[in-house]
Amino acid sequence: MTGDPLTIGRHTFHSRLFVGTGKYKDVDETRRALEASGAEVVTVALRRVNLKDRGEGSMMSLLTSGRFTILPNTAGCYTAEDALRTARLARELGLSDLVKLEVIGDEKTLFPDNEATLEAARTLVSEGFTVLPYCIDDPIVCKKLEDVGCAAVMPLAAPIGSGLGIRNPYNIMIIREHAKVPVIVDAGVGTASDAAVAMELGCDGVLMNTAIAGARDPILMAEAMRDAVRAGRAAFRAGRIPRKLYATASSPLTGLISG
């Protein structure tokens with residue numbers, strides 16, 4: 001869908017599927033899945049990879065090959081200070097001005113800490129980062145993150161890695177209705193239909209990792225997610241028919257032969 005670009009800050013993308021790099025069995029499977037997904041943006045947990053190892057066959061060699069835009073993320077951070085330190089490290093290493101901001105508030109649910117996320121977002125924006133914050137599917141929190149200068153908002157569909165799909169489509173619809181920045185559903189997608197639903201609701205993109213990496217066939221699932229995001233976006237742009245309680249005839253009623 002080259003005629004329907006997605007712009008986030010100063011960056012423009014043609015794929016609306018963002019993918020992660022965790023949980024694959026090896027770097028080769030990661031590469032094959034990324035390529036099959038058609039994704040341009042790949043997120044990497046800065047605390048979980050060796051950023052200095054860029055030798056042949058390494059994860060960083062794959063990610064810095066020029067085929068992808070790296071979206072560093074602050075996964076594993078539980079305070080605003082930790083998230084700030086991690087994001088600054090990524091920029092010092094020349095990875096990107098983009099950052100997926102995660103400040104976790106609870107170890108069991110991995111729900112974000114709203115207050116700490118806002119605090120970190122405000123600082124990172126002031127330092128020139130293009131901030132994409134992972135957040136609860138709360139329209140108020142999303143509005144506050146937009147107001148402090150975040151380039152997009154990334155409300156969860158469901159808990160990270162749960163595969164439950166969008167649990168509250170109405171909140172997502174409200175967020176989308178009021179947001180003036182892109183809305184990217186992040187976390188909880190389980191299969192292709194979940195991705196399609198997110199896009200049909202009007203979201204600008206979907207970010208996922210476990211749904212692909214944890215599938216029985218990650219490469220095939222990456223292809224399915226690629227197609228689902230494209231189909232959902234096309235359906236949203238086309239405009240669905242209204243829901244009705246009763247039937248409406250599909251065939252025309254005019255020109256019938258009476259006898």
# chains A, B, ... in the order shown; residues from 1 in each chain; ligands from 1

$ residues_around --residues "Pro112 in chain A" --least-positions-apart "2" --cutoff "8 Å" --atoms "only C-alpha atoms" --output "ChimeraX atom specification"
/A:102-106,110,114,117,134-136

$ write_last_selection --atoms "all heavy atoms" --output "compact mmCIF listing (two decimals), in the first residue's frame"
# COMPACT_ATOMS: atom_id res chain seq x y z
N GLU A 102 8.79 1.99 27.44
CA GLU A 102 8.08 1.09 28.34
C GLU A 102 8.58 1.32 29.75
O GLU A 102 9.78 1.23 30.00
CB GLU A 102 8.32 -0.38 27.97
CG GLU A 102 7.75 -0.83 26.65
CD GLU A 102 7.93 -2.33 26.43
OE1 GLU A 102 7.89 -3.08 27.43
OE2 GLU A 102 8.12 -2.74 25.27
N VAL A 103 7.65 1.63 30.64
CA VAL A 103 7.97 1.67 32.07
C VAL A 103 6.93 0.78 32.75
O VAL A 103 5.76 1.14 32.84
CB VAL A 103 7.93 3.08 32.65
CG1 VAL A 103 8.41 3.05 34.11
CG2 VAL A 103 8.78 4.05 31.85
N ILE A 104 7.35 -0.40 33.17
CA ILE A 104 6.43 -1.40 33.70
C ILE A 104 6.11 -1.11 35.17
O ILE A 104 6.98 -0.75 35.96
CB ILE A 104 7.04 -2.81 33.56
CG1 ILE A 104 7.33 -3.10 32.08
CG2 ILE A 104 6.10 -3.86 34.14
CD1 ILE A 104 6.14 -3.03 31.17
N GLY A 105 4.84 -1.29 35.51
CA GLY A 105 4.41 -1.02 36.87
C GLY A 105 4.08 -2.26 37.68
O GLY A 105 3.92 -2.18 38.90
N ASP A 106 3.97 -3.42 37.03
CA ASP A 106 3.58 -4.64 37.73
C ASP A 106 4.21 -5.84 37.04
O ASP A 106 4.04 -6.02 35.83
CB ASP A 106 2.06 -4.77 37.74
CG ASP A 106 1.58 -6.05 38.38
OD1 ASP A 106 1.77 -6.22 39.60
OD2 ASP A 106 1.03 -6.92 37.66
N LEU A 110 2.52 -7.02 33.68
CA LEU A 110 3.37 -6.19 32.81
C LEU A 110 2.62 -4.95 32.32
O LEU A 110 2.95 -4.39 31.27
CB LEU A 110 3.93 -6.99 31.63
CG LEU A 110 4.83 -8.16 32.01
CD1 LEU A 110 5.35 -8.86 30.75
CD2 LEU A 110 5.99 -7.72 32.88
N ASN A 114 1.56 4.36 34.53
CA ASN A 114 1.15 5.56 33.80
C ASN A 114 1.92 6.81 34.22
O ASN A 114 2.37 7.59 33.37
CB ASN A 114 -0.35 5.81 34.01
CG ASN A 114 -1.22 4.72 33.41
OD1 ASN A 114 -0.82 4.04 32.48
ND2 ASN A 114 -2.41 4.55 33.96
N THR A 117 5.56 6.58 33.10
CA THR A 117 5.62 6.69 31.64
C THR A 117 5.49 8.13 31.20
O THR A 117 6.25 8.61 30.33
CB THR A 117 4.52 5.83 30.98
OG1 THR A 117 4.71 4.46 31.36
CG2 THR A 117 4.57 5.95 29.47
N TYR A 134 4.34 2.79 25.14
CA TYR A 134 3.44 1.67 25.45
C TYR A 134 2.58 2.10 26.63
O TYR A 134 3.11 2.55 27.65
CB TYR A 134 4.27 0.45 25.78
CG TYR A 134 3.57 -0.65 26.55
CD1 TYR A 134 2.53 -1.37 25.98
CD2 TYR A 134 3.98 -0.98 27.85
CE1 TYR A 134 1.89 -2.38 26.69
CE2 TYR A 134 3.36 -2.00 28.55
CZ TYR A 134 2.31 -2.69 27.97
OH TYR A 134 1.69 -3.70 28.67
N CYS A 135 1.26 1.97 26.51
CA CYS A 135 0.39 2.48 27.56
C CYS A 135 -0.89 1.64 27.68
O CYS A 135 -1.20 0.83 26.81
CB CYS A 135 0.04 3.94 27.31
SG CYS A 135 -0.77 4.25 25.71
N ILE A 136 -1.60 1.85 28.75
CA ILE A 136 -2.91 1.24 28.95
C ILE A 136 -3.88 1.80 27.90
O ILE A 136 -3.72 2.92 27.41
CB ILE A 136 -3.42 1.56 30.37
CG1 ILE A 136 -2.57 0.84 31.42
CG2 ILE A 136 -4.88 1.19 30.53
CD1 ILE A 136 -2.79 -0.65 31.46

$ closest_atom_pairs --of "range 74-156 of chain A" --to "range 173-190 of chain A" --cutoff "8 Å" --atoms "only C-alpha atoms" --output "Markdown table"
| residue | atom | partner | partner_atom | distance |
| --- | --- | --- | --- | --- |
| A:Tyr134 | CA | A:Asp186 | CA | 6.8 |
| A:Asp137 | CA | A:Ile175 | CA | 7.8 |
| A:Asp138 | CA | A:Ile175 | CA | 7.5 |
| A:Pro139 | CA | A:Ile175 | CA | 4.9 |
| A:Cys142 | CA | A:Ile175 | CA | 7.0 |
| A:Lys143 | CA | A:Ala179 | CA | 7.0 |
| A:Glu146 | CA | A:Val181 | CA | 7.1 |
| A:Ala151 | CA | A:Val181 | CA | 6.2 |
| A:Ala152 | CA | A:Pro182 | CA | 4.8 |
| A:Val153 | CA | A:Val183 | CA | 5.2 |
| A:Met154 | CA | A:Ile184 | CA | 4.8 |
| A:Pro155 | CA | A:Val185 | CA | 5.4 |
| A:Leu156 | CA | A:Asp186 | CA | 4.7 |

$ write_last_selection --atoms "all heavy atoms" --output "compact mmCIF listing (two decimals), in the first residue's frame"
# COMPACT_ATOMS: atom_id res chain seq x y z
N TYR A 134 4.34 2.79 25.14
CA TYR A 134 3.44 1.67 25.45
C TYR A 134 2.58 2.10 26.63
O TYR A 134 3.11 2.55 27.65
CB TYR A 134 4.27 0.45 25.78
CG TYR A 134 3.57 -0.65 26.55
CD1 TYR A 134 2.53 -1.37 25.98
CD2 TYR A 134 3.98 -0.98 27.85
CE1 TYR A 134 1.89 -2.38 26.69
CE2 TYR A 134 3.36 -2.00 28.55
CZ TYR A 134 2.31 -2.69 27.97
OH TYR A 134 1.69 -3.70 28.67
N ASP A 137 -4.90 1.02 27.57
CA ASP A 137 -5.90 1.49 26.58
C ASP A 137 -6.87 2.46 27.24
O ASP A 137 -8.09 2.25 27.26
CB ASP A 137 -6.64 0.30 25.96
CG ASP A 137 -7.32 -0.59 26.99
OD1 ASP A 137 -6.95 -0.50 28.20
OD2 ASP A 137 -8.20 -1.38 26.61
N ASP A 138 -6.30 3.55 27.74
CA ASP A 138 -7.05 4.58 28.47
C ASP A 138 -7.00 5.86 27.65
O ASP A 138 -5.91 6.42 27.43
CB ASP A 138 -6.40 4.79 29.84
CG ASP A 138 -7.10 5.86 30.67
OD1 ASP A 138 -7.85 6.68 30.11
OD2 ASP A 138 -6.86 5.88 31.90
N PRO A 139 -8.14 6.36 27.18
CA PRO A 139 -8.13 7.58 26.36
C PRO A 139 -7.51 8.78 27.05
O PRO A 139 -6.89 9.62 26.39
CB PRO A 139 -9.63 7.82 26.08
CG PRO A 139 -10.25 6.45 26.17
CD PRO A 139 -9.49 5.76 27.26
N CYS A 142 -3.69 8.39 27.00
CA CYS A 142 -3.21 8.63 25.63
C CYS A 142 -3.22 10.11 25.29
O CYS A 142 -2.30 10.61 24.64
CB CYS A 142 -4.08 7.86 24.63
SG CYS A 142 -3.79 6.07 24.67
N LYS A 143 -4.24 10.82 25.74
CA LYS A 143 -4.31 12.27 25.49
C LYS A 143 -3.17 12.99 26.21
O LYS A 143 -2.53 13.90 25.64
CB LYS A 143 -5.66 12.82 25.97
CG LYS A 143 -5.84 14.31 25.73
CD LYS A 143 -5.89 14.63 24.24
CE LYS A 143 -6.38 16.05 23.98
NZ LYS A 143 -5.50 17.08 24.57
N GLU A 146 0.05 12.38 24.32
CA GLU A 146 0.08 13.21 23.11
C GLU A 146 0.39 14.66 23.47
O GLU A 146 1.19 15.32 22.79
CB GLU A 146 -1.26 13.13 22.40
CG GLU A 146 -1.32 13.94 21.12
CD GLU A 146 -2.68 13.84 20.41
OE1 GLU A 146 -3.37 12.82 20.55
OE2 GLU A 146 -3.03 14.82 19.71
N ALA A 151 5.10 11.20 19.64
CA ALA A 151 4.84 11.18 18.20
C ALA A 151 3.76 10.18 17.82
O ALA A 151 3.25 10.19 16.70
CB ALA A 151 6.12 10.86 17.44
N ALA A 152 3.43 9.27 18.73
CA ALA A 152 2.37 8.28 18.55
C ALA A 152 2.00 7.79 19.93
O ALA A 152 2.70 8.06 20.92
CB ALA A 152 2.84 7.12 17.68
N VAL A 153 0.88 7.08 20.03
CA VAL A 153 0.53 6.39 21.27
C VAL A 153 0.33 4.92 20.95
O VAL A 153 -0.11 4.56 19.85
CB VAL A 153 -0.72 6.98 21.95
CG1 VAL A 153 -0.43 8.36 22.50
CG2 VAL A 153 -1.91 7.03 20.99
N MET A 154 0.68 4.05 21.91
CA MET A 154 0.67 2.61 21.67
C MET A 154 -0.11 1.90 22.78
O MET A 154 0.47 1.24 23.65
CB MET A 154 2.10 2.09 21.58
CG MET A 154 2.93 2.81 20.52
SD MET A 154 4.62 2.18 20.37
CE MET A 154 4.33 0.68 19.48
N PRO A 155 -1.43 2.01 22.73
CA PRO A 155 -2.24 1.32 23.75
C PRO A 155 -2.21 -0.18 23.56
O PRO A 155 -2.18 -0.68 22.43
CB PRO A 155 -3.65 1.88 23.52
CG PRO A 155 -3.66 2.26 22.07
CD PRO A 155 -2.27 2.74 21.77
N LEU A 156 -2.22 -0.91 24.67
CA LEU A 156 -2.23 -2.37 24.59
C LEU A 156 -3.60 -2.89 24.15
O LEU A 156 -4.63 -2.27 24.42
CB LEU A 156 -1.81 -2.99 25.92
CG LEU A 156 -2.56 -2.60 27.21
CD1 LEU A 156 -3.89 -3.33 27.34
CD2 LEU A 156 -1.69 -2.89 28.42

$ closest_atom_pairs --of "range 171-232 of chain A" --to "range 32-49 of chain A" --cutoff "7 Å" --atoms "only C-alpha atoms" --output "tab-separated table"
residue	atom	partner	partner_atom	distance
A:Pro218	CA	A:Ala33	CA	6.3
A:Ile219	CA	A:Ala33	CA	4.7
A:Ala222	CA	A:Ser37	CA	4.6
A:Glu223	CA	A:Ser37	CA	5.2
A:Met225	CA	A:Ser37	CA	6.8
A:Arg226	CA	A:Ser37	CA	5.1

$ write_last_selection --atoms "N, CA, C and O atoms" --output "short mmCIF file (atom, residue, chain, number, x, y, z; two decimals), in the first residue's frame"
data_model
loop_
_atom_site.label_atom_id
_atom_site.label_comp_id
_atom_site.auth_asym_id
_atom_site.auth_seq_id
_atom_site.Cartn_x
_atom_site.Cartn_y
_atom_site.Cartn_z
N PRO A 218 6.50 -19.74 12.60
CA PRO A 218 6.64 -18.29 12.67
C PRO A 218 6.68 -17.61 11.30
O PRO A 218 6.16 -16.49 11.14
N ILE A 219 7.27 -18.26 10.31
CA ILE A 219 7.39 -17.62 9.00
C ILE A 219 6.02 -17.49 8.35
O ILE A 219 5.67 -16.44 7.81
N ALA A 222 4.06 -14.85 10.13
CA ALA A 222 4.50 -13.50 9.74
C ALA A 222 3.82 -13.07 8.45
O ALA A 222 3.39 -11.92 8.30
N GLU A 223 3.70 -13.99 7.50
CA GLU A 223 3.02 -13.69 6.25
C GLU A 223 1.54 -13.40 6.51
O GLU A 223 0.95 -12.47 5.91
N MET A 225 0.16 -12.23 9.25
CA MET A 225 0.04 -10.93 9.91
C MET A 225 0.23 -9.79 8.91
O MET A 225 -0.47 -8.78 8.97
N ARG A 226 1.18 -9.96 8.02
CA ARG A 226 1.38 -8.96 6.96
C ARG A 226 0.10 -8.74 6.17
O ARG A 226 -0.34 -7.60 5.97
#

$ select_by_dssp --residues "range 36-217 of chain A" --states "helix (DSSP H, G or I)" --output "JSON, numbers by chain"
{"A": [36, 37, 59, 60, 61, 62, 63, 80, 81, 82, 83, 84, 85, 86, 87, 88, 89, 90, 91, 92, 114, 115, 116, 117, 118, 119, 120, 121, 122, 123, 124, 125, 126, 139, 140, 141, 142, 143, 144, 145, 146, 147, 169, 170, 171, 172, 173, 174, 175, 176, 177, 178, 192, 193, 194, 195, 196, 197, 198, 199, 200, 210, 211, 212, 213]}

$ closest_residue --among "A:Leu98, A:Ile8, A:Ala120, A:Leu245" --to "Ala83 in chain A" --atoms "only C-alpha atoms"
A:Ala120

$ residues_around --residues "Ala234 in chain A" --least-positions-apart "4" --cutoff "9 Å" --atoms "only C-alpha atoms" --output "list in words"
Met1, Met199, Glu200, Val229, Arg230, Ala238 and Gly239 of chain A

$ atom_distance --atom1 "CA of Arg85 in chain A" --atom2 "CA of Cys150 in chain A"
18.0 Å

$ closest_residue --among "A:Val131, A:Thr64, A:Ser126, A:Arg16" --to "Ala228 in chain A" --atoms "only C-alpha atoms"
A:Arg16

$ closest_residue --among "A:Thr210, A:Phe18, A:Gly128, A:Val27" --to "Pro159 in chain A" --atoms "only C-alpha atoms"
A:Thr210

$ select_by_dssp --residues "range 17-232 of chain A" --states "strand (DSSP E or B)" --output "number ranges by chain"
A: 17-20, 41-45, 69-73, 98-101, 104, 112, 130-135, 153-155, 183-186, 205-208

$ atom_distance --atom1 "CA of Met208 in chain A" --atom2 "CA of Cys77 in chain A"
18.8 Å

$ atom_distance --atom1 "CA of Asp97 in chain A" --atom2 "CA of Thr7 in chain A"
14.6 Å

$ closest_residue --among "A:Ser96, A:Ser15, A:Thr191, A:Thr69" --to "Leu220 in chain A" --atoms "only C-alpha atoms"
A:Thr191

$ decode --residues "range 48-97 of chain A" --atoms "N, CA and C atoms" --output "compact mmCIF listing (two decimals), in the first residue's frame"
# COMPACT_ATOMS: atom_id res chain seq x y z
N ARG A 48 18.20 -6.75 26.43
CA ARG A 48 18.18 -8.20 26.22
C ARG A 48 19.00 -8.65 25.01
N VAL A 49 19.74 -7.73 24.41
CA VAL A 49 20.63 -8.11 23.31
C VAL A 49 22.00 -7.51 23.57
N ASN A 50 23.00 -8.11 22.96
CA ASN A 50 24.36 -7.59 23.05
C ASN A 50 24.52 -6.54 21.96
N LEU A 51 24.41 -5.29 22.34
CA LEU A 51 24.42 -4.20 21.37
C LEU A 51 25.78 -4.03 20.69
N LYS A 52 26.83 -4.54 21.33
CA LYS A 52 28.18 -4.35 20.78
C LYS A 52 28.58 -5.46 19.82
N ASP A 53 27.86 -6.59 19.85
CA ASP A 53 28.20 -7.71 18.97
C ASP A 53 27.56 -7.50 17.61
N ARG A 54 28.36 -7.06 16.64
CA ARG A 54 27.85 -6.82 15.30
C ARG A 54 28.56 -7.69 14.27
N GLY A 55 29.08 -8.81 14.76
CA GLY A 55 29.74 -9.75 13.87
C GLY A 55 28.75 -10.47 12.99
N GLU A 56 29.25 -11.14 11.97
CA GLU A 56 28.41 -11.86 11.03
C GLU A 56 27.56 -12.90 11.76
N GLY A 57 26.26 -12.90 11.48
CA GLY A 57 25.37 -13.85 12.12
C GLY A 57 24.78 -13.38 13.43
N SER A 58 25.17 -12.20 13.90
CA SER A 58 24.64 -11.69 15.16
C SER A 58 23.32 -10.96 14.93
N MET A 59 22.56 -10.77 16.00
CA MET A 59 21.30 -10.04 15.91
C MET A 59 21.53 -8.61 15.47
N MET A 60 22.53 -7.96 16.03
CA MET A 60 22.77 -6.56 15.68
C MET A 60 23.27 -6.43 14.25
N SER A 61 23.96 -7.43 13.74
CA SER A 61 24.36 -7.40 12.33
C SER A 61 23.13 -7.42 11.43
N LEU A 62 22.14 -8.23 11.80
CA LEU A 62 20.89 -8.28 11.03
C LEU A 62 20.16 -6.95 11.09
N LEU A 63 20.05 -6.39 12.29
CA LEU A 63 19.24 -5.19 12.47
C LEU A 63 19.89 -3.95 11.88
N THR A 64 21.21 -3.93 11.80
CA THR A 64 21.91 -2.76 11.26
C THR A 64 22.31 -2.95 9.81
N SER A 65 21.67 -3.91 9.14
CA SER A 65 22.01 -4.20 7.74
C SER A 65 21.48 -3.14 6.77
N GLY A 66 20.64 -2.25 7.26
CA GLY A 66 20.06 -1.21 6.40
C GLY A 66 18.69 -1.56 5.86
N ARG A 67 18.22 -2.78 6.14
CA ARG A 67 16.91 -3.21 5.64
C ARG A 67 15.77 -2.75 6.54
N PHE A 68 16.09 -2.41 7.78
CA PHE A 68 15.05 -2.09 8.75
C PHE A 68 15.34 -0.77 9.46
N THR A 69 14.28 -0.15 9.94
CA THR A 69 14.41 0.96 10.88
C THR A 69 14.32 0.37 12.28
N ILE A 70 15.34 0.59 13.08
CA ILE A 70 15.36 0.04 14.42
C ILE A 70 14.55 0.94 15.35
N LEU A 71 13.67 0.29 16.12
CA LEU A 71 12.91 0.98 17.16
C LEU A 71 13.39 0.43 18.51
N PRO A 72 14.39 1.06 19.12
CA PRO A 72 14.86 0.58 20.42
C PRO A 72 13.73 0.67 21.44
N ASN A 73 13.65 -0.30 22.34
CA ASN A 73 12.63 -0.21 23.38
C ASN A 73 13.25 -0.40 24.76
N THR A 74 12.54 0.10 25.75
CA THR A 74 13.05 0.09 27.12
C THR A 74 12.40 -1.01 27.94
N ALA A 75 12.09 -2.15 27.30
CA ALA A 75 11.50 -3.28 28.00
C ALA A 75 12.36 -3.68 29.19
N GLY A 76 11.70 -4.03 30.29
CA GLY A 76 12.42 -4.44 31.49
C GLY A 76 12.71 -3.29 32.44
N CYS A 77 12.31 -2.08 32.08
CA CYS A 77 12.53 -0.93 32.96
C CYS A 77 11.31 -0.73 33.87
N TYR A 78 11.57 -0.52 35.16
CA TYR A 78 10.48 -0.36 36.13
C TYR A 78 10.46 1.02 36.75
N THR A 79 11.35 1.89 36.33
CA THR A 79 11.34 3.28 36.80
C THR A 79 11.59 4.20 35.62
N ALA A 80 11.17 5.44 35.76
CA ALA A 80 11.42 6.42 34.70
C ALA A 80 12.92 6.61 34.50
N GLU A 81 13.69 6.58 35.58
CA GLU A 81 15.12 6.78 35.49
C GLU A 81 15.79 5.68 34.67
N ASP A 82 15.38 4.44 34.89
CA ASP A 82 15.94 3.33 34.12
C ASP A 82 15.60 3.46 32.64
N ALA A 83 14.37 3.86 32.35
CA ALA A 83 13.95 4.01 30.95
C ALA A 83 14.74 5.12 30.27
N LEU A 84 14.96 6.22 30.97
CA LEU A 84 15.72 7.33 30.40
C LEU A 84 17.15 6.91 30.12
N ARG A 85 17.75 6.20 31.05
CA ARG A 85 19.14 5.76 30.88
C ARG A 85 19.26 4.81 29.68
N THR A 86 18.29 3.93 29.52
CA THR A 86 18.32 2.96 28.42
C THR A 86 18.13 3.64 27.07
N ALA A 87 17.20 4.58 27.00
CA ALA A 87 16.95 5.29 25.75
C ALA A 87 18.17 6.12 25.34
N ARG A 88 18.80 6.74 26.29
CA ARG A 88 19.98 7.56 25.99
C ARG A 88 21.13 6.69 25.48
N LEU A 89 21.24 5.50 26.03
CA LEU A 89 22.28 4.58 25.57
C LEU A 89 22.08 4.23 24.10
N ALA A 90 20.82 3.98 23.72
CA ALA A 90 20.53 3.64 22.32
C ALA A 90 20.96 4.76 21.39
N ARG A 91 20.69 5.99 21.79
CA ARG A 91 21.05 7.12 20.93
C ARG A 91 22.57 7.30 20.89
N GLU A 92 23.22 7.08 22.00
CA GLU A 92 24.68 7.19 22.02
C GLU A 92 25.33 6.16 21.10
N LEU A 93 24.69 5.01 20.95
CA LEU A 93 25.21 3.97 20.07
C LEU A 93 24.81 4.19 18.62
N GLY A 94 24.08 5.26 18.36
CA GLY A 94 23.72 5.61 16.99
C GLY A 94 22.60 4.77 16.41
N LEU A 95 21.76 4.17 17.26
CA LEU A 95 20.70 3.30 16.75
C LEU A 95 19.56 4.08 16.13
N SER A 96 19.03 5.08 16.85
CA SER A 96 17.88 5.81 16.32
C SER A 96 17.48 6.90 17.29
N ASP A 97 16.76 7.91 16.76
CA ASP A 97 16.13 8.88 17.66
C ASP A 97 14.77 8.37 18.11
